[in-house]
file data.pdb (PDB, C-alpha atoms and all ligand atoms)
ATOM      1  CA  MET F  19     199.916   0.834  40.641  1.00  0.00           C
ATOM      2  CA  ASN F  20     202.672  -1.407  39.357  1.00  0.00           C
ATOM      3  CA  HIS F  21     205.418  -0.058  41.552  1.00  0.00           C
ATOM      4  CA  GLU F  22     206.128   0.156  45.313  1.00  0.00           C
ATOM      5  CA  ILE F  23     204.953  -3.436  45.738  1.00  0.00           C
ATOM      6  CA  ILE F  24     205.909  -5.123  48.995  1.00  0.00           C
ATOM      7  CA  VAL F  25     206.547  -8.844  48.565  1.00  0.00           C
ATOM      8  CA  THR F  26     209.334  -9.719  50.954  1.00  0.00           C
ATOM      9  CA  GLN F  27     210.622  -8.584  54.348  1.00  0.00           C
ATOM     10  CA  SER F  28     213.477  -6.992  52.476  1.00  0.00           C
ATOM     11  CA  ASP F  29     210.959  -4.862  50.520  1.00  0.00           C
ATOM     12  CA  THR F  30     209.469  -3.742  53.856  1.00  0.00           C
ATOM     13  CA  LEU F  31     212.896  -2.691  55.143  1.00  0.00           C
ATOM     14  CA  ASP F  32     213.552  -0.769  51.911  1.00  0.00           C
ATOM     15  CA  MET F  33     210.183   0.969  52.232  1.00  0.00           C
ATOM     16  CA  LEU F  34     210.954   1.969  55.841  1.00  0.00           C
ATOM     17  CA  ASP F  35     214.283   3.445  54.679  1.00  0.00           C
ATOM     18  CA  THR F  36     212.385   5.793  52.381  1.00  0.00           C
ATOM     19  CA  LEU F  37     210.217   7.079  55.240  1.00  0.00           C
ATOM     20  CA  LEU F  38     213.176   8.548  57.099  1.00  0.00           C
ATOM     21  CA  GLU F  39     215.321  11.551  56.246  1.00  0.00           C
ATOM     22  CA  ARG F  40     218.393  10.688  54.191  1.00  0.00           C
ATOM     23  CA  ARG F  41     221.644  10.382  56.054  1.00  0.00           C
ATOM     24  CA  ASP F  42     223.531   8.530  53.368  1.00  0.00           C
ATOM     25  CA  ASP F  43     227.091   8.528  51.975  1.00  0.00           C
ATOM     26  CA  LYS F  44     226.590  11.998  50.438  1.00  0.00           C
ATOM     27  CA  TRP F  45     225.452  13.420  53.791  1.00  0.00           C
ATOM     28  CA  TRP F  46     228.528  11.996  55.507  1.00  0.00           C
ATOM     29  CA  ASP F  47     230.791  13.223  52.659  1.00  0.00           C
ATOM     30  CA  ALA F  48     229.542  16.772  53.298  1.00  0.00           C
ATOM     31  CA  PHE F  49     230.059  16.255  57.032  1.00  0.00           C
ATOM     32  CA  TYR F  50     233.715  15.263  56.492  1.00  0.00           C
ATOM     33  CA  SER F  51     234.432  17.864  53.787  1.00  0.00           C
ATOM     34  CA  ASP F  52     235.743  20.405  56.333  1.00  0.00           C
ATOM     35  CA  ARG F  53     238.390  18.624  58.409  1.00  0.00           C
ATOM     36  CA  ASN F  54     239.008  21.721  60.538  1.00  0.00           C
ATOM     37  CA  LYS F  55     235.584  21.617  62.194  1.00  0.00           C
ATOM     38  CA  SER F  56     235.744  21.253  65.938  1.00  0.00           C
ATOM     39  CA  ILE F  57     234.297  17.753  66.070  1.00  0.00           C
ATOM     40  CA  PRO F  58     235.793  15.741  68.957  1.00  0.00           C
ATOM     41  CA  PHE F  59     236.255  12.549  66.921  1.00  0.00           C
ATOM     42  CA  PHE F  60     238.057  14.427  64.104  1.00  0.00           C
ATOM     43  CA  LYS F  61     241.191  14.407  66.293  1.00  0.00           C
ATOM     44  CA  ASP F  62     243.590  11.586  65.466  1.00  0.00           C
ATOM     45  CA  ILE F  63     243.434   9.969  68.904  1.00  0.00           C
ATOM     46  CA  PRO F  64     241.976   6.591  69.978  1.00  0.00           C
ATOM     47  CA  ASP F  65     239.075   5.879  72.328  1.00  0.00           C
ATOM     48  CA  GLU F  66     239.999   5.662  76.010  1.00  0.00           C
ATOM     49  CA  GLU F  67     238.432   2.195  76.433  1.00  0.00           C
ATOM     50  CA  LEU F  68     240.373   0.827  73.463  1.00  0.00           C
ATOM     51  CA  VAL F  69     243.631   2.046  74.971  1.00  0.00           C
ATOM     52  CA  ASP F  70     242.582   0.652  78.352  1.00  0.00           C
ATOM     53  CA  TYR F  71     241.743  -2.837  77.009  1.00  0.00           C
ATOM     54  CA  CYS F  72     244.903  -2.982  74.909  1.00  0.00           C
ATOM     55  CA  GLN F  73     247.073  -1.874  77.835  1.00  0.00           C
ATOM     56  CA  LYS F  74     245.455  -4.588  79.964  1.00  0.00           C
ATOM     57  CA  HIS F  75     246.231  -7.112  77.183  1.00  0.00           C
ATOM     58  CA  LEU F  76     242.584  -8.116  77.003  1.00  0.00           C
ATOM     59  CA  PHE F  77     242.805  -8.587  73.242  1.00  0.00           C
ATOM     60  CA  SER F  78     245.424 -10.814  71.724  1.00  0.00           C
ATOM     61  CA  THR F  79     246.246  -9.284  68.365  1.00  0.00           C
ATOM     62  CA  GLY F  80     244.715 -10.672  65.205  1.00  0.00           C
ATOM     63  CA  LYS F  81     242.300  -9.215  62.673  1.00  0.00           C
ATOM     64  CA  SER F  82     240.158  -6.226  63.565  1.00  0.00           C
ATOM     65  CA  LEU F  83     237.276  -4.540  61.756  1.00  0.00           C
ATOM     66  CA  ASP F  84     236.284  -0.932  62.539  1.00  0.00           C
ATOM     67  CA  ILE F  85     232.711  -0.297  61.331  1.00  0.00           C
ATOM     68  CA  GLY F  86     232.031   3.338  60.411  1.00  0.00           C
ATOM     69  CA  CYS F  87     235.738   4.056  60.882  1.00  0.00           C
ATOM     70  CA  GLY F  88     235.606   7.776  59.984  1.00  0.00           C
ATOM     71  CA  ASN F  89     239.166   9.101  59.679  1.00  0.00           C
ATOM     72  CA  GLY F  90     240.487   5.761  60.957  1.00  0.00           C
ATOM     73  CA  ARG F  91     241.800   7.000  64.325  1.00  0.00           C
ATOM     74  CA  ASN F  92     240.919   3.776  66.190  1.00  0.00           C
ATOM     75  CA  SER F  93     242.083   1.474  63.376  1.00  0.00           C
ATOM     76  CA  ARG F  94     245.449   3.209  63.306  1.00  0.00           C
ATOM     77  CA  TYR F  95     245.792   2.649  67.034  1.00  0.00           C
ATOM     78  CA  LEU F  96     244.935  -1.055  66.664  1.00  0.00           C
ATOM     79  CA  ALA F  97     247.398  -1.410  63.779  1.00  0.00           C
ATOM     80  CA  ALA F  98     250.101   0.213  65.930  1.00  0.00           C
ATOM     81  CA  GLN F  99     249.368  -2.449  68.589  1.00  0.00           C
ATOM     82  CA  GLY F 100     250.014  -5.166  65.980  1.00  0.00           C
ATOM     83  CA  PHE F 101     246.510  -5.850  64.695  1.00  0.00           C
ATOM     84  CA  CYS F 102     245.888  -6.543  61.039  1.00  0.00           C
ATOM     85  CA  ALA F 103     243.350  -3.731  60.981  1.00  0.00           C
ATOM     86  CA  ALA F 104     240.555  -3.035  58.501  1.00  0.00           C
ATOM     87  CA  GLY F 105     238.127  -0.130  58.538  1.00  0.00           C
ATOM     88  CA  ILE F 106     234.969   0.439  56.523  1.00  0.00           C
ATOM     89  CA  ASP F 107     232.859   3.549  56.036  1.00  0.00           C
ATOM     90  CA  ILE F 108     230.174   4.669  53.589  1.00  0.00           C
ATOM     91  CA  SER F 109     231.836   8.066  53.138  1.00  0.00           C
ATOM     92  CA  GLU F 110     234.511   8.386  50.457  1.00  0.00           C
ATOM     93  CA  GLU F 111     235.681  11.603  52.133  1.00  0.00           C
ATOM     94  CA  SER F 112     236.330   9.818  55.409  1.00  0.00           C
ATOM     95  CA  ILE F 113     238.132   6.923  53.715  1.00  0.00           C
ATOM     96  CA  GLY F 114     240.296   9.379  51.745  1.00  0.00           C
ATOM     97  CA  TRP F 115     241.182  11.127  54.994  1.00  0.00           C
ATOM     98  CA  ALA F 116     241.865   7.799  56.744  1.00  0.00           C
ATOM     99  CA  ASN F 117     244.252   6.751  53.973  1.00  0.00           C
ATOM    100  CA  GLU F 118     246.070  10.101  54.038  1.00  0.00           C
ATOM    101  CA  LEU F 119     246.566   9.933  57.802  1.00  0.00           C
ATOM    102  CA  SER F 120     247.829   6.335  57.540  1.00  0.00           C
ATOM    103  CA  ALA F 121     250.302   6.946  54.703  1.00  0.00           C
ATOM    104  CA  LYS F 122     253.311   7.039  57.015  1.00  0.00           C
ATOM    105  CA  CYS F 123     252.269   4.154  59.307  1.00  0.00           C
ATOM    106  CA  GLY F 124     254.512   1.103  59.433  1.00  0.00           C
ATOM    107  CA  ASN F 125     251.554  -1.263  59.555  1.00  0.00           C
ATOM    108  CA  PRO F 126     248.779   0.745  57.895  1.00  0.00           C
ATOM    109  CA  PRO F 127     245.157  -0.367  58.242  1.00  0.00           C
ATOM    110  CA  LYS F 128     243.263  -1.254  55.070  1.00  0.00           C
ATOM    111  CA  PHE F 129     240.289   1.028  54.520  1.00  0.00           C
ATOM    112  CA  HIS F 130     237.313   0.307  52.266  1.00  0.00           C
ATOM    113  CA  CYS F 131     234.499   2.612  51.228  1.00  0.00           C
ATOM    114  CA  VAL F 132     231.508   0.317  51.732  1.00  0.00           C
ATOM    115  CA  SER F 133     228.431   0.056  53.935  1.00  0.00           C
ATOM    116  CA  LEU F 134     228.381  -2.681  56.539  1.00  0.00           C
ATOM    117  CA  PHE F 135     225.225  -3.894  54.813  1.00  0.00           C
ATOM    118  CA  GLU F 136     227.178  -4.575  51.618  1.00  0.00           C
ATOM    119  CA  TYR F 137     230.528  -5.585  53.095  1.00  0.00           C
ATOM    120  CA  ALA F 138     231.430  -9.112  52.003  1.00  0.00           C
ATOM    121  CA  ALA F 139     233.694 -10.713  54.588  1.00  0.00           C
ATOM    122  CA  GLU F 140     234.210 -14.419  55.190  1.00  0.00           C
ATOM    123  CA  PRO F 141     232.332 -15.739  58.226  1.00  0.00           C
ATOM    124  CA  GLN F 142     234.470 -15.862  61.375  1.00  0.00           C
ATOM    125  CA  SER F 143     237.126 -13.515  59.958  1.00  0.00           C
ATOM    126  CA  PHE F 144     237.715 -11.122  62.841  1.00  0.00           C
ATOM    127  CA  ASP F 145     239.072 -11.350  66.382  1.00  0.00           C
ATOM    128  CA  LEU F 146     237.765  -7.885  67.215  1.00  0.00           C
ATOM    129  CA  VAL F 147     234.941  -5.874  65.706  1.00  0.00           C
ATOM    130  CA  LEU F 148     234.730  -2.245  66.785  1.00  0.00           C
ATOM    131  CA  ASP F 149     231.864   0.201  66.358  1.00  0.00           C
ATOM    132  CA  SER F 150     232.655   3.606  67.778  1.00  0.00           C
ATOM    133  CA  GLY F 151     229.675   5.859  67.222  1.00  0.00           C
ATOM    134  CA  CYS F 152     228.067   4.193  64.207  1.00  0.00           C
ATOM    135  CA  PHE F 153     225.280   2.080  65.745  1.00  0.00           C
ATOM    136  CA  HIS F 154     223.308   5.065  67.061  1.00  0.00           C
ATOM    137  CA  HIS F 155     222.925   6.159  63.415  1.00  0.00           C
ATOM    138  CA  ILE F 156     221.572   2.772  62.306  1.00  0.00           C
ATOM    139  CA  LYS F 157     217.808   2.821  61.726  1.00  0.00           C
ATOM    140  CA  PRO F 158     215.944   0.589  64.170  1.00  0.00           C
ATOM    141  CA  HIS F 159     214.535  -1.673  61.439  1.00  0.00           C
ATOM    142  CA  ARG F 160     218.100  -2.356  60.188  1.00  0.00           C
ATOM    143  CA  ARG F 161     219.523  -3.346  63.591  1.00  0.00           C
ATOM    144  CA  GLU F 162     218.849  -7.049  63.219  1.00  0.00           C
ATOM    145  CA  GLN F 163     220.690  -7.169  59.872  1.00  0.00           C
ATOM    146  CA  TYR F 164     223.523  -5.121  61.323  1.00  0.00           C
ATOM    147  CA  LEU F 165     224.038  -7.213  64.451  1.00  0.00           C
ATOM    148  CA  THR F 166     223.629 -10.527  62.629  1.00  0.00           C
ATOM    149  CA  ARG F 167     226.392  -9.469  60.260  1.00  0.00           C
ATOM    150  CA  VAL F 168     228.697  -8.584  63.152  1.00  0.00           C
ATOM    151  CA  GLN F 169     227.952 -11.971  64.774  1.00  0.00           C
ATOM    152  CA  ASN F 170     228.764 -13.700  61.513  1.00  0.00           C
ATOM    153  CA  TYR F 171     232.067 -11.837  60.950  1.00  0.00           C
ATOM    154  CA  LEU F 172     233.358 -12.550  64.462  1.00  0.00           C
ATOM    155  CA  LYS F 173     235.451 -15.591  65.270  1.00  0.00           C
ATOM    156  CA  ASP F 174     234.180 -17.757  68.118  1.00  0.00           C
ATOM    157  CA  GLY F 175     235.558 -16.113  71.230  1.00  0.00           C
ATOM    158  CA  GLY F 176     235.996 -12.822  69.368  1.00  0.00           C
ATOM    159  CA  TYR F 177     235.153  -9.467  70.929  1.00  0.00           C
ATOM    160  CA  PHE F 178     232.649  -6.872  69.784  1.00  0.00           C
ATOM    161  CA  LEU F 179     233.367  -3.446  71.264  1.00  0.00           C
ATOM    162  CA  MET F 180     230.773  -0.715  70.829  1.00  0.00           C
ATOM    163  CA  THR F 181     230.529   2.868  71.956  1.00  0.00           C
ATOM    164  CA  CYS F 182     227.189   4.589  71.412  1.00  0.00           C
ATOM    165  CA  PHE F 183     225.279   7.592  72.721  1.00  0.00           C
ATOM    166  CA  ASN F 184     223.706   7.363  76.156  1.00  0.00           C
ATOM    167  CA  LEU F 185     220.806   9.675  76.973  1.00  0.00           C
ATOM    168  CA  ASP F 186     223.201  12.609  77.609  1.00  0.00           C
ATOM    169  CA  GLY F 187     224.599  12.253  74.077  1.00  0.00           C
ATOM    170  CA  GLY F 188     221.763  11.319  71.739  1.00  0.00           C
ATOM    171  CA  ALA F 189     218.049  11.855  71.278  1.00  0.00           C
ATOM    172  CA  ASN F 190     215.772  10.492  73.997  1.00  0.00           C
ATOM    173  CA  VAL F 191     213.086   9.181  71.651  1.00  0.00           C
ATOM    174  CA  SER F 192     211.512   5.755  71.269  1.00  0.00           C
ATOM    175  CA  ASP F 193     212.065   3.620  68.199  1.00  0.00           C
ATOM    176  CA  TYR F 194     208.428   4.227  67.234  1.00  0.00           C
ATOM    177  CA  ASP F 195     209.086   8.010  67.454  1.00  0.00           C
ATOM    178  CA  VAL F 196     211.750   7.632  64.757  1.00  0.00           C
ATOM    179  CA  TYR F 197     209.011   6.615  62.298  1.00  0.00           C
ATOM    180  CA  ARG F 198     206.366   9.014  63.668  1.00  0.00           C
ATOM    181  CA  ASP F 199     208.851  11.897  63.285  1.00  0.00           C
ATOM    182  CA  ARG F 200     210.500  10.405  60.181  1.00  0.00           C
ATOM    183  CA  SER F 201     213.864  11.221  61.692  1.00  0.00           C
ATOM    184  CA  MET F 202     216.788   9.678  63.547  1.00  0.00           C
ATOM    185  CA  HIS F 203     217.100  13.006  65.381  1.00  0.00           C
ATOM    186  CA  GLY F 204     220.839  13.216  64.683  1.00  0.00           C
ATOM    187  CA  GLY F 205     221.603   9.954  66.514  1.00  0.00           C
ATOM    188  CA  LEU F 206     219.663   7.941  69.039  1.00  0.00           C
ATOM    189  CA  GLY F 207     220.442   8.034  72.739  1.00  0.00           C
ATOM    190  CA  PHE F 208     220.071   4.705  74.522  1.00  0.00           C
ATOM    191  CA  SER F 209     219.060   4.020  78.095  1.00  0.00           C
ATOM    192  CA  GLU F 210     221.013   1.215  79.756  1.00  0.00           C
ATOM    193  CA  TYR F 211     217.879  -0.958  79.645  1.00  0.00           C
ATOM    194  CA  LYS F 212     217.271  -0.371  75.935  1.00  0.00           C
ATOM    195  CA  ILE F 213     220.789  -0.957  74.617  1.00  0.00           C
ATOM    196  CA  LYS F 214     221.197  -4.066  76.781  1.00  0.00           C
ATOM    197  CA  LYS F 215     217.817  -5.406  75.602  1.00  0.00           C
ATOM    198  CA  ILE F 216     218.916  -4.994  71.965  1.00  0.00           C
ATOM    199  CA  LEU F 217     222.464  -6.308  72.268  1.00  0.00           C
ATOM    200  CA  GLU F 218     221.844  -9.203  74.662  1.00  0.00           C
ATOM    201  CA  ASN F 219     219.720 -10.802  71.990  1.00  0.00           C
ATOM    202  CA  TYR F 220     222.958 -11.418  70.046  1.00  0.00           C
ATOM    203  CA  PHE F 221     225.935 -11.043  72.392  1.00  0.00           C
ATOM    204  CA  ARG F 222     227.091 -11.718  75.941  1.00  0.00           C
ATOM    205  CA  ILE F 223     228.005  -8.441  77.636  1.00  0.00           C
ATOM    206  CA  ILE F 224     231.384  -8.595  79.389  1.00  0.00           C
ATOM    207  CA  GLU F 225     231.643  -4.983  80.501  1.00  0.00           C
ATOM    208  CA  PHE F 226     229.117  -2.162  80.457  1.00  0.00           C
ATOM    209  CA  ARG F 227     230.011   1.353  81.586  1.00  0.00           C
ATOM    210  CA  LYS F 228     230.044   5.004  80.632  1.00  0.00           C
ATOM    211  CA  MET F 229     233.025   6.185  78.638  1.00  0.00           C
ATOM    212  CA  LYS F 230     235.408   8.057  80.891  1.00  0.00           C
ATOM    213  CA  GLU F 231     235.537  11.787  80.232  1.00  0.00           C
ATOM    214  CA  SER F 232     239.144  12.544  79.405  1.00  0.00           C
ATOM    215  CA  SER F 233     241.174  15.718  79.320  1.00  0.00           C
ATOM    216  CA  ASP F 234     244.233  13.763  78.157  1.00  0.00           C
ATOM    217  CA  PRO F 235     245.039  15.161  74.681  1.00  0.00           C
ATOM    218  CA  ALA F 236     246.181  11.675  73.618  1.00  0.00           C
ATOM    219  CA  VAL F 237     242.847   9.885  74.131  1.00  0.00           C
ATOM    220  CA  PHE F 238     239.219  10.424  73.194  1.00  0.00           C
ATOM    221  CA  GLY F 239     236.857  10.187  76.150  1.00  0.00           C
ATOM    222  CA  LYS F 240     233.300  11.537  76.379  1.00  0.00           C
ATOM    223  CA  ASP F 241     230.957  10.544  79.180  1.00  0.00           C
ATOM    224  CA  PHE F 242     227.882  10.947  76.967  1.00  0.00           C
ATOM    225  CA  MET F 243     228.804   7.593  75.399  1.00  0.00           C
ATOM    226  CA  TRP F 244     228.312   4.033  76.632  1.00  0.00           C
ATOM    227  CA  VAL F 245     231.153   1.538  76.367  1.00  0.00           C
ATOM    228  CA  ILE F 246     229.956  -2.018  75.790  1.00  0.00           C
ATOM    229  CA  LEU F 247     232.358  -4.927  75.481  1.00  0.00           C
ATOM    230  CA  MET F 248     230.762  -8.124  74.204  1.00  0.00           C
ATOM    231  CA  LYS F 249     231.530 -11.641  73.099  1.00  0.00           C
ATOM    232  CA  LYS F 250     229.655 -13.923  70.762  1.00  0.00           C
ATOM    233  CA  LYS F 251     227.037 -15.985  72.590  1.00  0.00           C
TER     234      LYS F 251
HETATM  235  C1  LIG F 301     229.865   9.429  64.352  1.00  0.00           C
HETATM  236  S1  LIG F 301     230.829   8.876  63.004  1.00  0.00           S
HETATM  237  C2  LIG F 301     232.111   7.952  63.883  1.00  0.00           C
HETATM  238  C3  LIG F 301     233.381   7.825  63.100  1.00  0.00           C
HETATM  239  C4  LIG F 301     234.492   7.020  63.771  1.00  0.00           C
HETATM  240  N1  LIG F 301     234.069   5.717  64.223  1.00  0.00           N
HETATM  241  C5  LIG F 301     235.110   7.768  64.912  1.00  0.00           C
HETATM  242  O1  LIG F 301     234.704   7.506  66.060  1.00  0.00           O
HETATM  243  O2  LIG F 301     235.961   8.604  64.675  1.00  0.00           O
HETATM  244  C6  LIG F 301     229.820   7.558  62.306  1.00  0.00           C
HETATM  245  C7  LIG F 301     230.404   6.984  61.035  1.00  0.00           C
HETATM  246  O3  LIG F 301     229.623   5.869  60.601  1.00  0.00           O
HETATM  247  C8  LIG F 301     229.598   5.863  59.184  1.00  0.00           C
HETATM  248  N2  LIG F 301     228.470   5.007  58.743  1.00  0.00           N
HETATM  249  C9  LIG F 301     227.146   5.275  58.864  1.00  0.00           C
HETATM  250  N3  LIG F 301     226.416   4.248  58.387  1.00  0.00           N
HETATM  251  C10 LIG F 301     227.300   3.301  57.973  1.00  0.00           C
HETATM  252  C11 LIG F 301     227.173   2.014  57.385  1.00  0.00           C
HETATM  253  N4  LIG F 301     225.970   1.492  57.096  1.00  0.00           N
HETATM  254  N5  LIG F 301     228.296   1.320  57.091  1.00  0.00           N
HETATM  255  C12 LIG F 301     229.515   1.849  57.331  1.00  0.00           C
HETATM  256  N6  LIG F 301     229.701   3.071  57.885  1.00  0.00           N
HETATM  257  C13 LIG F 301     228.617   3.788  58.206  1.00  0.00           C
HETATM  258  C14 LIG F 301     229.517   7.342  58.815  1.00  0.00           C
HETATM  259  O4  LIG F 301     229.923   7.622  57.500  1.00  0.00           O
HETATM  260  C15 LIG F 301     230.443   7.956  59.872  1.00  0.00           C
HETATM  261  O5  LIG F 301     231.769   8.048  59.407  1.00  0.00           O
END
call {"tool": "encode", "arguments": {"input": "data.pdb", "output": "structure tokens", "more": "lines below"}}
Ligand SMILES: C[S@@+](CC[C@H](N)C(=O)[O-])C[C@H]1O[C@@H](n2cnc3c(N)ncnc32)[C@H](O)[C@@H]1O
result
Amino acid sequence: MNHEIIVTQSDTLDMLDTLLERRDDKWWDAFYSDRNKSIPFFKDIPDEELVDYCQKHLFSTGKSLDIGCGNGRNSRYLAAQGFCAAGIDISEESIGWANELSAKCGNPPKFHCVSLFEYAAEPQSFDLVLDSGCFHHIKPHRREQYLTRVQNYLKDGGYFLMTCFNLDGGANVSDYDVYRDRSMHGGLGFSEYKIKKILENYFRIIEFRKMKESSDPAVFGKDFMWVILMKKK
């Protein structure tokens, strides 16, 4: 057998990718192809915690990066607050939608169709990195790469803001189950212990709470998500 040879750690990660069901750019393109679906984050409104932190002037404006930006709803909000906002996503459909929705903005975000794993940014480029709902789709064996990249992109003193499924939102399975079942189960749910254990290896947690359920039509708020505000260690 002169193929499927594992030499490096990177080969092992690639092999693990092949064990799991594909949820790649094409899958996400199909997901975004019908914009009229009743998906809560298809509405062009920002996350409640983002609005809250901006209203409290926690972030001074600067450069922001929105990982897995979808239709760009949070990036547009940050740009409207004065950020020089960038958003990346693996789905061309989502980036096309994000650009269409931003066409009339005075300070439009810049959107790029690229995976975080291939995104080439200078070290220490961003004052704020945002991940709203992407991390729970990242395969466990790719987390270290993912979080190391975020650490590297952030300026010293920069903020990393994440929202991810809690156990009411995502699958209550262990990381080992992902490989036993060969599936991410549509997005992993994290206990408080588990997500803190993962993130505290890389970041200092400043605030940890559930997202506030919101009936305000101008903000996105779902209490099946955690809100985690972090700084570089
Ligand atoms: C649940 S959606 C959230 C979209 C957006 N953040 C929002 O809240 O409206 C997750 C997004 O992450 C994107 N994504 C998944 N893996 C990614 C990766 N490796 N790099 C960049 N984006 C990714 C998907 O295409 C999808 O748009």
call {"tool": "residues_near_ligand", "arguments": {"input": "data.pdb", "ligand": "ligand LIG 301 (chain F)", "cutoff": "6 Å", "atoms": "all atoms listed in the file", "output": "tab-separated table (two decimals) with C-alpha atoms, keeping the file's coordinate frame"}}
result
chain	number	residue	atom	x	y	z
F	46	TRP	CA	228.53	12.00	55.51
F	59	PHE	CA	236.26	12.55	66.92
F	85	ILE	CA	232.71	-0.30	61.33
F	86	GLY	CA	232.03	3.34	60.41
F	87	CYS	CA	235.74	4.06	60.88
F	88	GLY	CA	235.61	7.78	59.98
F	89	ASN	CA	239.17	9.10	59.68
F	106	ILE	CA	234.97	0.44	56.52
F	107	ASP	CA	232.86	3.55	56.04
F	108	ILE	CA	230.17	4.67	53.59
F	109	SER	CA	231.84	8.07	53.14
F	133	SER	CA	228.43	0.06	53.94
F	134	LEU	CA	228.38	-2.68	56.54
F	135	PHE	CA	225.22	-3.89	54.81
F	150	SER	CA	232.66	3.61	67.78
F	151	GLY	CA	229.68	5.86	67.22
F	152	CYS	CA	228.07	4.19	64.21
call {"tool": "closest_atom_pairs", "arguments": {"input": "data.pdb", "of": "segment 47-81 of chain F", "to": "segment 205-227 of chain F", "cutoff": "12 Å", "atoms": "only C-alpha atoms", "output": "tab-separated table"}}
result
residue	atom	partner	partner_atom	distance
F:Glu67	CA	F:Arg227	CA	9.9
F:Tyr71	CA	F:Glu225	CA	10.9
F:Leu76	CA	F:Ile224	CA	11.5
call {"tool": "atom_distance", "arguments": {"input": "data.pdb", "atom1": "atom CA of Asn184 of chain F", "atom2": "atom CA of Leu247 of chain F"}}
result
15.0 Å
call {"tool": "residues_around", "arguments": {"input": "data.pdb", "residues": "Cys182 of chain F", "least_positions_apart": "2", "cutoff": "6 Å", "atoms": "all atoms listed in the file", "output": "list in words"}}
result
Gly151, His154, Met243 and Trp244 of chain F
call {"tool": "resolve_selection", "arguments": {"input": "data.pdb", "expression": "the PyMOL selection byres (((chain F and resi 180) around 7) and not hetatm)", "output": "PyMOL selection string"}}
result
chain F and resi 148-150+178-179+181-182+245-247
call {"tool": "atom_distance", "arguments": {"input": "data.pdb", "atom1": "atom CA of Tyr171 of chain F", "atom2": "atom CA of Ala98 of chain F"}}
result
22.3 Å
call {"tool": "closest_residue", "arguments": {"input": "data.pdb", "among": "F:Cys131, F:Val196, F:Cys102, F:Val25", "to": "Asp47 of chain F", "atoms": "only C-alpha atoms"}}
result
F:Cys131
call {"tool": "closest_residue", "arguments": {"input": "data.pdb", "among": "F:His155, F:Cys123, F:Arg198, F:Arg41", "to": "Phe183 of chain F", "atoms": "only C-alpha atoms"}}
result
F:His155
call {"tool": "closest_residue", "arguments": {"input": "data.pdb", "among": "F:Ile57, F:Glu231, F:Val168, F:Ala236", "to": "Met248 of chain F", "atoms": "all atoms listed in the file"}}
result
F:Val168
call {"tool": "closest_residue", "arguments": {"input": "data.pdb", "among": "F:Ala48, F:Val191, F:Ile23, F:Ile63", "to": "Ser232 of chain F", "atoms": "all atoms listed in the file"}}
result
F:Ile63
call {"tool": "closest_residue", "arguments": {"input": "data.pdb", "among": "F:Asp62, F:Asp29, F:Glu110, F:Asp84", "to": "Asp42 of chain F", "atoms": "all atoms listed in the file"}}
result
F:Glu110
call {"tool": "closest_residue", "arguments": {"input": "data.pdb", "among": "F:Val237, F:Ala189, F:Val147, F:Leu34", "to": "Lys249 of chain F", "atoms": "all atoms listed in the file"}}
result
F:Val147
call {"tool": "residues_around", "arguments": {"input": "data.pdb", "residues": "Ala97 of chain F", "least_positions_apart": "5", "cutoff": "12 Å", "atoms": "only C-alpha atoms", "output": "tab-separated table (two decimals) with C-alpha atoms, in the coordinates of the input"}}
result
chain	number	residue	atom	x	y	z
F	64	PRO	CA	241.98	6.59	69.98
F	72	CYS	CA	244.90	-2.98	74.91
F	79	THR	CA	246.25	-9.28	68.36
F	80	GLY	CA	244.72	-10.67	65.20
F	81	LYS	CA	242.30	-9.22	62.67
F	82	SER	CA	240.16	-6.23	63.56
F	83	LEU	CA	237.28	-4.54	61.76
F	84	ASP	CA	236.28	-0.93	62.54
F	90	GLY	CA	240.49	5.76	60.96
F	91	ARG	CA	241.80	7.00	64.32
F	92	ASN	CA	240.92	3.78	66.19
F	102	CYS	CA	245.89	-6.54	61.04
F	103	ALA	CA	243.35	-3.73	60.98
F	104	ALA	CA	240.56	-3.04	58.50
F	105	GLY	CA	238.13	-0.13	58.54
F	120	SER	CA	247.83	6.34	57.54
F	123	CYS	CA	252.27	4.15	59.31
F	124	GLY	CA	254.51	1.10	59.43
F	125	ASN	CA	251.55	-1.26	59.56
F	126	PRO	CA	248.78	0.74	57.90
F	127	PRO	CA	245.16	-0.37	58.24
F	128	LYS	CA	243.26	-1.25	55.07
F	129	PHE	CA	240.29	1.03	54.52
call {"tool": "atom_distance", "arguments": {"input": "data.pdb", "atom1": "atom CA of Gly239 of chain F", "atom2": "atom CA of Asp186 of chain F"}}
result
13.9 Å
call {"tool": "resolve_selection", "arguments": {"input": "data.pdb", "expression": "the PyMOL selection byres (((chain F and resi 172) around 9) and not hetatm)", "output": "ChimeraX atom specification"}}
result
/F:141-147,167-171,173-178,249-250
